[in-house]
Amino acid sequence: MAEILLEHVGKTYPGGTQAVSDVSLSVADGEFIVLVGPSGCGKSTLLRMVAGLEDISAGTVTIGGRVVNRLEPAERDIAMVFQNYALYPHMTVRENMSWGLKNRRIPKDEIAARVEEAARMLELHPYLDRKPRALSGGQRQRVAMGRAIVRQPAAFLFDEPLSNLDAKLRVTMRGEILKLQKRLGTTALYVTHDQLEAMTLADRLVVLNGGQIEQVGRPLEVYHRPASTFVAAFIGAPAMNLLDARIEAGHLRLAGVDLGRVEGEARAVTLGIRAEDLQLLQSGGLPFRIDVIEELGAGRVVHGFVEDQPLCVSLPSGAELPAQLHLGVAPEALHLFDAITGKRLPQSVHRSAKVRA
Amino acid sequence: MQRFRPFDHLILLLGAAFLVTPVVMAFMSSTHAATEIHMNGLFLSPGGEGMATYEKVLTQKGGFTGTVTGARMVMNSTILGLGFALGKVVVSMLAAYGLVYFRFRFATPIFWMIFTTLLLPLEVRIMPSYQVMSQLHALNTYWGLIIPLLASATGTFYFRQFFKSVPDELLEAARIDGAGPVRFFLGVLVPLSRPMMAAIFIIMFVYGWNQYLWPMLMTTDERFFTLMRGIKTILQVWIGSQIPDYNEAFALAVLAMLPPLGVVLAFQRLFIKGLTESDK
Ligand SMILES: Nc1ncnc2c1ncn2[C@@H]1O[C@H](COP(=O)(O)OP(=O)(O)OP(=O)(O)O)[C@@H](O)[C@H]1O
Ligand SMILES: [Mg+2]
């Protein structure tokens, strides 16, 4: 168990690809950190630098107070779970779990006890003497977990460990991973491109974009106060609506409608509205033209346009909808971003003085 | 299940007959007396001389010096075949391991150099090899017979392709599991390569077993003669009777077939098992 410290970490691949640049992050002991971002943003690269599978081009990585930049993966006291499990095909489940311990010259009975304990935790007993090919995807995943657990490492590193599983199993395994991690209290770094996985697992989220940290924070904090349009669009489903709006004379205006009071001089802004923050009004509000309705069972997502800007709205299932809707939104639920840089603006929107009917 | 198709079976039977008949003929002929063969040609029916002929071939001392028996030649051929096969598997695995898993300068050009030697038959370098071995005083020794032929471009090539198909994550998992280069090789790659090793072993054993020109150059001492040479010499010098001992030549040929057959049968199991079970 240990804290992990990344200081100005960067990675340039031979050939010049700058995969990660200037990442600084401090992970507390026992914390579950999820690295999330779109494909190619450098999540795996960052994780593999912590693991010691990639050379670190810049900065330092410290695990449990030791700078590990020059240490072999085996000396870093970490365990890693791979996307394709990477179990040794010729070894039984038991051998897969104990091989790493044997290499470390841990006494036989100690190995047996640890494997026993891990097998009990992961309910792997019936499979201990099988080869990996005789296991289902979920079972293989558990063996990979077991191989990490028996090592009793300072930190677990996961690289998209669930992305080869079907949707249902993914939810189950997600729960199991979280339970295990909490129970063992081992620091975890977890890479995923699935924002839902990120939200449910993380103590803190790290959103990466183009090799740089876009935002770090608790899942709900990131959800409710995204630091940029990138984070806003990435976290949450359906993605947050981003619309061109204007601040004019102390009011926020979209499609000619006054959405509330806001400080600052006249300028163009990007307005973020979550689909679930929009409500139907009898009249007034934003005029909304329906294009497509996605029925999800529990609710529906309605896609359409405000003037000519696309917008989607989460609404309860039920009645037929007319082609033209009126939408309202609470001013506190509005997010303002710089129209050019995409960074969050400090201002917040307040209810206009005049009380709406 | 497929329907029974008479035509397919007919083709298979004909093919099998075509391949097996000469072998059966050789075996049957070897059980007849030499004079009978000389008069009547080859036989497809068993004769009465079988036991005597084989016993004679295996135990009778022959050659100019009268020291070499059939059994001795079988042993020599076996040593050569096994030495070849084992040596080639070991050497080419190590070479491929180096080429695939270690980053060193010129690895690719080196590989292509090795690869192009595939195109050169043994005969091209047989004189230089002979020269070297003779200066090392390695003529008429087993190691002199085996070592110069151990490097195998074919084997190296196949193992290289195989190692390249092993997922990188296995190496990474092993590194995290605290395995160094030696332990990764012995603990992961070698067990994974078993089907490949079996295949190369079979091919190389037969190749070594069938060597003719090289042992003929390297050995002048009859105690090192291999079966292949024995069969050849039998028709010329095997006891000076007027009629060549056809029956004994056939008996030796049949004997010469058995060990490769045994190797193939033994390894075929592992080979097929490895192929069907393998997943990396
Ligand atoms: N070995 C390599 N050599 C050169 N460039 C690389 C190498 N590995 C990755 N890259 C590049 O580095 C960038 C980050 O790659 P990385 O694998 O870390 O992305 P990722 O966030 O894990 O994406 P994904 O979600 O698809 O796994 C990519 O642009 C990729 O093309
Ligand atoms: Mg990745």
# chains A, B, ... in the order shown; residues from 1 in each chain; ligands from 1
$ residues_near_ligand --ligand "ligand 2" --cutoff "8 Å" --atoms "only C-alpha atoms and all ligand atoms" --output "count of residues only"
10
$ closest_atom_pairs --of "chain A" --to "ligand 1" --cutoff "9 Å" --atoms "only C-alpha atoms and all ligand atoms" --output "tab-separated table"
residue	atom	partner	partner_atom_place_in_ligand_line	distance
A:Lys11	CA	ligand 1	12 (O)	8.6
A:Thr12	CA	ligand 1	5 (N)	8.0
A:Tyr13	CA	ligand 1	4 (C)	4.8
A:Pro14	CA	ligand 1	4 (C)	6.3
A:Gly15	CA	ligand 1	4 (C)	6.6
A:Gly16	CA	ligand 1	4 (C)	7.7
A:Thr17	CA	ligand 1	5 (N)	5.5
A:Gln18	CA	ligand 1	12 (O)	6.8
A:Ala19	CA	ligand 1	12 (O)	4.2
A:Val20	CA	ligand 1	14 (C)	7.2
A:Leu35	CA	ligand 1	21 (O)	8.9
A:Val36	CA	ligand 1	21 (O)	8.0
A:Gly37	CA	ligand 1	21 (O)	6.5
A:Pro38	CA	ligand 1	25 (O)	5.9
A:Ser39	CA	ligand 1	25 (O)	3.5
A:Gly40	CA	ligand 1	19 (O)	3.4
A:Cys41	CA	ligand 1	21 (O)	4.0
A:Gly42	CA	ligand 1	18 (O)	3.1
A:Lys43	CA	ligand 1	21 (O)	3.8
A:Ser44	CA	ligand 1	22 (O)	3.6
A:Thr45	CA	ligand 1	18 (O)	3.6
A:Leu46	CA	ligand 1	18 (O)	6.5
A:Leu47	CA	ligand 1	18 (O)	8.0
A:Arg48	CA	ligand 1	18 (O)	8.3
A:Glu54	CA	ligand 1	1 (N)	8.7
A:Asp159	CA	ligand 1	22 (O)	8.0
A:Glu160	CA	ligand 1	27 (O)	7.8
A:Val191	CA	ligand 1	22 (O)	7.7
A:Thr192	CA	ligand 1	25 (O)	6.8
A:His193	CA	ligand 1	25 (O)	5.6
A:Leu208	CA	ligand 1	21 (O)	8.1
A:Asn209	CA	ligand 1	21 (O)	8.7
A:Gly210	CA	ligand 1	14 (C)	7.9
A:Gly211	CA	ligand 1	14 (C)	7.1
$ closest_atom_pairs --of "chain A" --to "chain B" --cutoff "6 Å" --atoms "only C-alpha atoms" --output "Markdown table"
| residue | atom | partner | partner_atom | distance |
| --- | --- | --- | --- | --- |
| A:Pro73 | CA | B:Ile176 | CA | 5.0 |
| A:Ala74 | CA | B:Ile176 | CA | 4.5 |
| A:Ala86 | CA | B:Leu170 | CA | 5.3 |
| A:Pro89 | CA | B:Lys280 | CA | 5.9 |
| A:Gly100 | CA | B:Asp177 | CA | 4.2 |
| A:Asn103 | CA | B:Gly178 | CA | 5.9 |
$ write_last_selection --atoms "N, CA and C atoms" --output "compact mmCIF listing (two decimals), in the first residue's frame"
# COMPACT_ATOMS: atom_id res chain seq x y z
N PRO A 73 10.02 -3.33 -13.83
CA PRO A 73 8.63 -3.48 -13.38
C PRO A 73 8.51 -4.34 -12.12
N ALA A 74 9.30 -5.40 -12.06
CA ALA A 74 9.18 -6.32 -10.93
C ALA A 74 9.60 -5.67 -9.62
N ALA A 86 -3.73 -11.64 -20.50
CA ALA A 86 -2.34 -12.06 -20.53
C ALA A 86 -2.04 -13.16 -19.52
N PRO A 89 -0.87 -19.33 -21.04
CA PRO A 89 -1.81 -20.34 -21.52
C PRO A 89 -1.45 -21.76 -21.10
N GLY A 100 4.46 -15.77 -10.25
CA GLY A 100 5.13 -14.53 -9.86
C GLY A 100 5.69 -14.60 -8.46
N ASN A 103 8.83 -16.79 -8.51
CA ASN A 103 9.97 -16.03 -9.02
C ASN A 103 10.57 -15.13 -7.94
$ select_by_dssp --residues "region 135-195 of chain B" --states "helix (DSSP H, G or I)" --output "PyMOL selection string"
chain B and resi 135+142-149+153-165+168-176+181-192+194-195
$ residues_around --residues "Arg140 (chain A)" --least-positions-apart "5" --cutoff "12 Å" --atoms "only C-alpha atoms" --output "ChimeraX atom specification"
/A:81-89,92-93,96-97,122,124,127-128,130-135,145-147,161-162,164-165,173
$ write_last_selection --atoms "C-alpha atoms" --output "compact mmCIF listing (two decimals), in the first residue's frame"
# COMPACT_ATOMS: atom_id res chain seq x y z
CA VAL A 81 -4.27 -6.46 -15.04
CA PHE A 82 -4.27 -6.40 -18.82
CA GLN A 83 -7.14 -5.94 -21.23
CA ASN A 84 -6.59 -9.34 -22.82
CA TYR A 85 -5.79 -10.85 -19.39
CA ALA A 86 -2.34 -12.06 -20.53
CA LEU A 87 -2.64 -15.31 -18.59
CA TYR A 88 0.05 -17.87 -19.29
CA PRO A 89 -1.81 -20.34 -21.52
CA THR A 92 -3.19 -23.86 -14.70
CA VAL A 93 -5.04 -21.15 -12.84
CA ASN A 96 -0.72 -18.62 -13.13
CA MET A 97 -1.31 -17.09 -9.73
CA LEU A 122 -12.75 -14.50 -6.19
CA LEU A 124 -12.09 -19.47 -8.19
CA TYR A 127 -11.18 -23.75 -11.60
CA LEU A 128 -7.82 -23.86 -9.85
CA ARG A 130 -7.90 -25.73 -15.21
CA LYS A 131 -5.97 -24.07 -17.98
CA PRO A 132 -7.11 -20.56 -18.98
CA ARG A 133 -8.53 -21.75 -22.29
CA ALA A 134 -11.11 -23.79 -20.37
CA LEU A 135 -12.46 -20.65 -18.68
CA MET A 145 -7.33 -10.24 -10.71
CA GLY A 146 -6.20 -13.12 -8.56
CA ARG A 147 -2.72 -12.99 -10.02
CA PRO A 161 -9.68 -4.78 -17.84
CA LEU A 162 -13.37 -5.10 -18.63
CA ASN A 164 -13.52 -7.64 -23.56
CA LEU A 165 -16.57 -8.64 -21.53
CA MET A 173 -17.14 -7.32 -12.54
$ residues_around --residues "Ile146 (chain B)" --least-positions-apart "5" --cutoff "8 Å" --atoms "only C-alpha atoms" --output "PyMOL selection string"
chain B and resi 80+83-84
$ residues_around --residues "Phe225 (chain B)" --least-positions-apart "5" --cutoff "10 Å" --atoms "only C-alpha atoms" --output "list in words"
Gly63, Val68, Thr69, Gly70, Arg72, Met73, Val74, Met75, Asn76, Ser77, Asn140, Pro215, Met216, Met218, Thr219, Thr220 and Gly230 of chain B
$ closest_residue --among "B:Phe18, B:Phe159, B:Tyr246, B:Tyr54" --to "Ile37 (chain B)" --atoms "only C-alpha atoms"
B:Tyr246
$ select_by_dssp --residues "region 49-242 of chain A" --states "strand (DSSP E or B)" --output "compact mmCIF listing (two decimals) with all heavy atoms, in the first residue's frame"
# COMPACT_ATOMS: atom_id res chain seq x y z
N ALA A 58 10.23 12.17 -19.40
CA ALA A 58 10.41 13.37 -18.60
C ALA A 58 9.69 13.22 -17.28
O ALA A 58 8.70 12.49 -17.19
CB ALA A 58 9.88 14.59 -19.35
N GLY A 59 10.20 13.92 -16.25
CA GLY A 59 9.53 13.91 -14.95
C GLY A 59 9.90 12.70 -14.12
O GLY A 59 10.75 11.89 -14.51
N THR A 60 9.25 12.58 -12.96
CA THR A 60 9.54 11.46 -12.08
C THR A 60 8.25 10.78 -11.63
O THR A 60 7.22 11.41 -11.49
CB THR A 60 10.29 11.90 -10.81
OG1 THR A 60 9.53 12.93 -10.20
CG2 THR A 60 11.68 12.38 -11.10
N VAL A 61 8.36 9.48 -11.43
CA VAL A 61 7.27 8.71 -10.86
C VAL A 61 7.76 8.17 -9.52
O VAL A 61 8.84 7.58 -9.44
CB VAL A 61 6.87 7.54 -11.77
CG1 VAL A 61 5.83 6.67 -11.10
CG2 VAL A 61 6.34 8.07 -13.10
N THR A 62 6.99 8.42 -8.47
CA THR A 62 7.36 7.97 -7.14
C THR A 62 6.28 7.03 -6.63
O THR A 62 5.11 7.38 -6.65
CB THR A 62 7.50 9.16 -6.19
OG1 THR A 62 8.28 10.16 -6.82
CG2 THR A 62 8.15 8.76 -4.88
N ILE A 63 6.66 5.85 -6.20
CA ILE A 63 5.69 4.92 -5.62
C ILE A 63 6.14 4.61 -4.21
O ILE A 63 7.25 4.14 -3.99
CB ILE A 63 5.60 3.61 -6.43
CG1 ILE A 63 5.19 3.91 -7.87
CG2 ILE A 63 4.61 2.65 -5.79
CD1 ILE A 63 5.15 2.69 -8.77
N ARG A 66 9.53 5.97 -3.11
CA ARG A 66 10.72 5.61 -3.89
C ARG A 66 10.56 6.14 -5.30
O ARG A 66 9.53 5.89 -5.94
CB ARG A 66 10.85 4.09 -3.99
CG ARG A 66 11.62 3.43 -2.88
CD ARG A 66 11.90 1.98 -3.26
NE ARG A 66 10.71 1.31 -3.83
CZ ARG A 66 10.76 0.19 -4.53
NH1 ARG A 66 11.92 -0.39 -4.75
NH2 ARG A 66 9.66 -0.37 -5.00
N VAL A 67 11.56 6.83 -5.83
CA VAL A 67 11.53 7.20 -7.24
C VAL A 67 11.81 5.93 -8.04
O VAL A 67 12.81 5.26 -7.82
CB VAL A 67 12.59 8.27 -7.55
CG1 VAL A 67 12.64 8.55 -9.05
CG2 VAL A 67 12.28 9.55 -6.79
N ILE A 78 4.26 -3.31 -8.00
CA ILE A 78 2.93 -3.07 -8.54
C ILE A 78 2.44 -4.37 -9.19
O ILE A 78 3.22 -5.28 -9.44
CB ILE A 78 2.93 -1.96 -9.61
CG1 ILE A 78 4.10 -2.15 -10.56
CG2 ILE A 78 3.05 -0.59 -8.98
CD1 ILE A 78 3.81 -2.81 -11.82
N ALA A 79 1.14 -4.47 -9.41
CA ALA A 79 0.61 -5.60 -10.17
C ALA A 79 -0.31 -5.03 -11.23
O ALA A 79 -0.95 -4.02 -11.01
CB ALA A 79 -0.16 -6.55 -9.26
N MET A 80 -0.32 -5.67 -12.38
CA MET A 80 -1.08 -5.11 -13.49
C MET A 80 -2.07 -6.12 -14.03
O MET A 80 -1.78 -7.30 -14.12
CB MET A 80 -0.10 -4.67 -14.59
CG MET A 80 -0.77 -3.98 -15.74
SD MET A 80 0.39 -2.82 -16.51
CE MET A 80 -0.51 -2.35 -17.97
N VAL A 81 -3.26 -5.62 -14.38
CA VAL A 81 -4.27 -6.46 -15.04
C VAL A 81 -4.44 -5.94 -16.46
O VAL A 81 -4.71 -4.76 -16.65
CB VAL A 81 -5.60 -6.41 -14.27
CG1 VAL A 81 -6.65 -7.24 -14.98
CG2 VAL A 81 -5.41 -6.89 -12.85
N ALA A 155 0.35 -1.19 -5.37
CA ALA A 155 -0.69 -0.60 -6.20
C ALA A 155 -1.12 -1.57 -7.29
O ALA A 155 -0.32 -2.35 -7.79
CB ALA A 155 -0.19 0.69 -6.84
N PHE A 156 -2.41 -1.51 -7.62
CA PHE A 156 -2.94 -2.23 -8.77
C PHE A 156 -2.98 -1.29 -9.96
O PHE A 156 -3.40 -0.14 -9.83
CB PHE A 156 -4.38 -2.68 -8.52
CG PHE A 156 -4.53 -3.75 -7.49
CD1 PHE A 156 -5.51 -3.64 -6.51
CD2 PHE A 156 -3.72 -4.87 -7.50
CE1 PHE A 156 -5.68 -4.62 -5.56
CE2 PHE A 156 -3.88 -5.86 -6.55
CZ PHE A 156 -4.86 -5.73 -5.57
N LEU A 157 -2.59 -1.79 -11.12
CA LEU A 157 -2.75 -1.02 -12.34
C LEU A 157 -3.66 -1.81 -13.27
O LEU A 157 -3.44 -2.99 -13.50
CB LEU A 157 -1.38 -0.81 -13.01
CG LEU A 157 -0.29 -0.22 -12.13
CD1 LEU A 157 1.02 -0.12 -12.89
CD2 LEU A 157 -0.69 1.16 -11.62
N PHE A 158 -4.71 -1.17 -13.74
CA PHE A 158 -5.65 -1.84 -14.64
C PHE A 158 -5.66 -1.11 -15.97
O PHE A 158 -5.85 0.09 -16.01
CB PHE A 158 -7.07 -1.77 -14.08
CG PHE A 158 -7.27 -2.40 -12.75
CD1 PHE A 158 -7.11 -1.68 -11.58
CD2 PHE A 158 -7.68 -3.73 -12.66
CE1 PHE A 158 -7.33 -2.26 -10.34
CE2 PHE A 158 -7.90 -4.31 -11.42
CZ PHE A 158 -7.72 -3.58 -10.26
N ASP A 159 -5.50 -1.85 -17.07
CA ASP A 159 -5.65 -1.22 -18.39
C ASP A 159 -6.89 -1.79 -19.07
O ASP A 159 -6.85 -2.88 -19.62
CB ASP A 159 -4.41 -1.45 -19.25
CG ASP A 159 -4.39 -0.55 -20.47
OD1 ASP A 159 -5.41 0.13 -20.72
OD2 ASP A 159 -3.37 -0.51 -21.17
N THR A 187 -4.01 0.93 -3.27
CA THR A 187 -4.08 2.02 -4.25
C THR A 187 -4.31 1.44 -5.64
O THR A 187 -3.72 0.43 -5.99
CB THR A 187 -2.76 2.80 -4.25
OG1 THR A 187 -2.38 3.03 -2.89
CG2 THR A 187 -2.90 4.12 -4.97
N ALA A 188 -5.18 2.08 -6.43
CA ALA A 188 -5.45 1.55 -7.76
C ALA A 188 -5.45 2.66 -8.80
O ALA A 188 -5.96 3.74 -8.57
CB ALA A 188 -6.80 0.83 -7.77
N LEU A 189 -4.81 2.35 -9.92
CA LEU A 189 -4.88 3.22 -11.11
C LEU A 189 -5.60 2.43 -12.17
O LEU A 189 -5.19 1.32 -12.50
CB LEU A 189 -3.48 3.57 -11.61
CG LEU A 189 -2.77 4.78 -11.04
CD1 LEU A 189 -1.44 4.95 -11.76
CD2 LEU A 189 -3.60 6.02 -11.20
N TYR A 190 -6.66 2.99 -12.71
CA TYR A 190 -7.53 2.23 -13.60
C TYR A 190 -7.76 3.03 -14.86
O TYR A 190 -8.16 4.19 -14.81
CB TYR A 190 -8.85 2.00 -12.86
CG TYR A 190 -9.84 1.09 -13.52
CD1 TYR A 190 -10.06 -0.19 -13.02
CD2 TYR A 190 -10.59 1.52 -14.59
CE1 TYR A 190 -11.00 -1.02 -13.60
CE2 TYR A 190 -11.53 0.69 -15.18
CZ TYR A 190 -11.73 -0.58 -14.68
OH TYR A 190 -12.67 -1.40 -15.26
N VAL A 191 -7.47 2.40 -16.00
CA VAL A 191 -7.63 3.09 -17.29
C VAL A 191 -8.89 2.61 -17.98
O VAL A 191 -9.15 1.41 -18.03
CB VAL A 191 -6.42 2.82 -18.20
CG1 VAL A 191 -6.76 3.10 -19.64
CG2 VAL A 191 -5.24 3.65 -17.76
N THR A 192 -9.68 3.53 -18.48
CA THR A 192 -10.85 3.14 -19.25
C THR A 192 -11.21 4.26 -20.20
O THR A 192 -10.83 5.40 -20.01
CB THR A 192 -12.05 2.81 -18.33
OG1 THR A 192 -13.14 2.43 -19.14
CG2 THR A 192 -12.43 4.00 -17.48
N ARG A 204 -11.44 9.41 -7.46
CA ARG A 204 -11.20 10.63 -8.24
C ARG A 204 -10.99 10.26 -9.69
O ARG A 204 -10.35 9.25 -9.99
CB ARG A 204 -9.97 11.38 -7.71
CG ARG A 204 -10.31 12.29 -6.52
CD ARG A 204 -9.18 13.25 -6.23
NE ARG A 204 -7.92 12.54 -5.99
CZ ARG A 204 -6.74 13.10 -6.20
NH1 ARG A 204 -6.64 14.33 -6.65
NH2 ARG A 204 -5.63 12.41 -5.97
N LEU A 205 -11.50 11.10 -10.56
CA LEU A 205 -11.35 10.92 -12.00
C LEU A 205 -10.21 11.78 -12.50
O LEU A 205 -10.03 12.90 -12.03
CB LEU A 205 -12.59 11.46 -12.71
CG LEU A 205 -13.83 10.61 -12.84
CD1 LEU A 205 -14.86 11.38 -13.63
CD2 LEU A 205 -13.46 9.35 -13.58
N VAL A 206 -9.47 11.26 -13.48
CA VAL A 206 -8.50 12.09 -14.18
C VAL A 206 -8.90 12.04 -15.64
O VAL A 206 -8.86 10.98 -16.26
CB VAL A 206 -7.07 11.55 -14.01
CG1 VAL A 206 -6.10 12.38 -14.82
CG2 VAL A 206 -6.69 11.55 -12.54
N VAL A 207 -9.35 13.17 -16.16
CA VAL A 207 -9.75 13.20 -17.57
C VAL A 207 -8.56 13.66 -18.39
O VAL A 207 -7.98 14.72 -18.13
CB VAL A 207 -10.94 14.14 -17.79
CG1 VAL A 207 -11.40 14.07 -19.25
CG2 VAL A 207 -12.08 13.78 -16.86
N LEU A 208 -8.15 12.82 -19.34
CA LEU A 208 -6.99 13.14 -20.17
C LEU A 208 -7.46 13.54 -21.56
O LEU A 208 -8.43 12.99 -22.09
CB LEU A 208 -6.07 11.92 -20.28
CG LEU A 208 -5.24 11.58 -19.07
CD1 LEU A 208 -4.56 10.24 -19.28
CD2 LEU A 208 -4.21 12.65 -18.80
N ASN A 209 -6.74 14.48 -22.13
CA ASN A 209 -7.05 14.89 -23.50
C ASN A 209 -5.73 15.19 -24.19
O ASN A 209 -4.99 16.06 -23.74
CB ASN A 209 -7.96 16.12 -23.48
CG ASN A 209 -8.28 16.60 -24.89
OD1 ASN A 209 -8.15 15.84 -25.84
ND2 ASN A 209 -8.69 17.84 -24.99
N GLN A 212 -2.61 15.34 -22.00
CA GLN A 212 -2.54 16.26 -20.87
C GLN A 212 -3.77 16.09 -19.98
O GLN A 212 -4.82 15.67 -20.44
CB GLN A 212 -2.47 17.70 -21.37
CG GLN A 212 -1.07 18.07 -21.80
CD GLN A 212 -1.03 19.41 -22.48
OE1 GLN A 212 -1.84 19.68 -23.36
NE2 GLN A 212 -0.08 20.22 -22.09
N ILE A 213 -3.58 16.46 -18.71
CA ILE A 213 -4.72 16.37 -17.79
C ILE A 213 -5.67 17.51 -18.07
O ILE A 213 -5.28 18.67 -18.11
CB ILE A 213 -4.24 16.41 -16.33
CG1 ILE A 213 -3.47 15.12 -16.00
CG2 ILE A 213 -5.43 16.57 -15.40
CD1 ILE A 213 -3.10 15.00 -14.55
N GLU A 214 -6.92 17.16 -18.27
CA GLU A 214 -7.93 18.18 -18.53
C GLU A 214 -8.61 18.57 -17.21
O GLU A 214 -8.87 19.72 -16.95
CB GLU A 214 -8.95 17.61 -19.52
CG GLU A 214 -9.86 18.62 -20.15
CD GLU A 214 -9.24 19.36 -21.33
OE1 GLU A 214 -8.19 18.91 -21.82
OE2 GLU A 214 -9.80 20.38 -21.74
N GLN A 215 -8.88 17.56 -16.39
CA GLN A 215 -9.50 17.84 -15.09
C GLN A 215 -9.28 16.66 -14.15
O GLN A 215 -9.26 15.51 -14.57
CB GLN A 215 -11.01 18.07 -15.26
CG GLN A 215 -11.68 18.48 -13.95
CD GLN A 215 -13.13 18.90 -14.15
OE1 GLN A 215 -13.70 18.73 -15.24
NE2 GLN A 215 -13.74 19.44 -13.10
N VAL A 216 -9.10 16.97 -12.87
CA VAL A 216 -9.02 15.95 -11.84
C VAL A 216 -10.08 16.26 -10.81
O VAL A 216 -10.21 17.41 -10.39
CB VAL A 216 -7.65 15.95 -11.14
CG1 VAL A 216 -7.58 14.84 -10.10
CG2 VAL A 216 -6.52 15.83 -12.13
N GLY A 217 -10.84 15.27 -10.39
CA GLY A 217 -11.82 15.57 -9.36
C GLY A 217 -12.68 14.37 -9.05
O GLY A 217 -12.61 13.34 -9.72
N SER A 228 -14.01 22.07 -18.69
CA SER A 228 -13.90 22.52 -20.08
C SER A 228 -14.99 21.85 -20.91
O SER A 228 -15.63 20.90 -20.46
CB SER A 228 -12.53 22.17 -20.65
OG SER A 228 -12.40 20.76 -20.69
N ASN A 241 -25.15 19.09 -23.88
CA ASN A 241 -25.38 19.95 -25.04
C ASN A 241 -24.46 21.15 -24.96
O ASN A 241 -24.34 21.78 -23.90
CB ASN A 241 -26.82 20.45 -25.05
CG ASN A 241 -27.80 19.32 -25.21
OD1 ASN A 241 -27.83 18.66 -26.24
ND2 ASN A 241 -28.59 19.06 -24.17
N LEU A 242 -23.81 21.48 -26.06
CA LEU A 242 -22.97 22.68 -26.10
C LEU A 242 -23.50 23.59 -27.20
O LEU A 242 -23.59 23.20 -28.36
CB LEU A 242 -21.52 22.29 -26.38
CG LEU A 242 -20.88 21.45 -25.28
CD1 LEU A 242 -19.53 20.91 -25.71
CD2 LEU A 242 -20.73 22.27 -23.99
$ atom_distance --atom1 "CA of Met93 (chain B)" --atom2 "CA of Thr78 (chain B)"
22.1 Å
$ atom_distance --atom1 "CA of Ser136 (chain A)" --atom2 "CA of Gly175 (chain A)"
18.2 Å
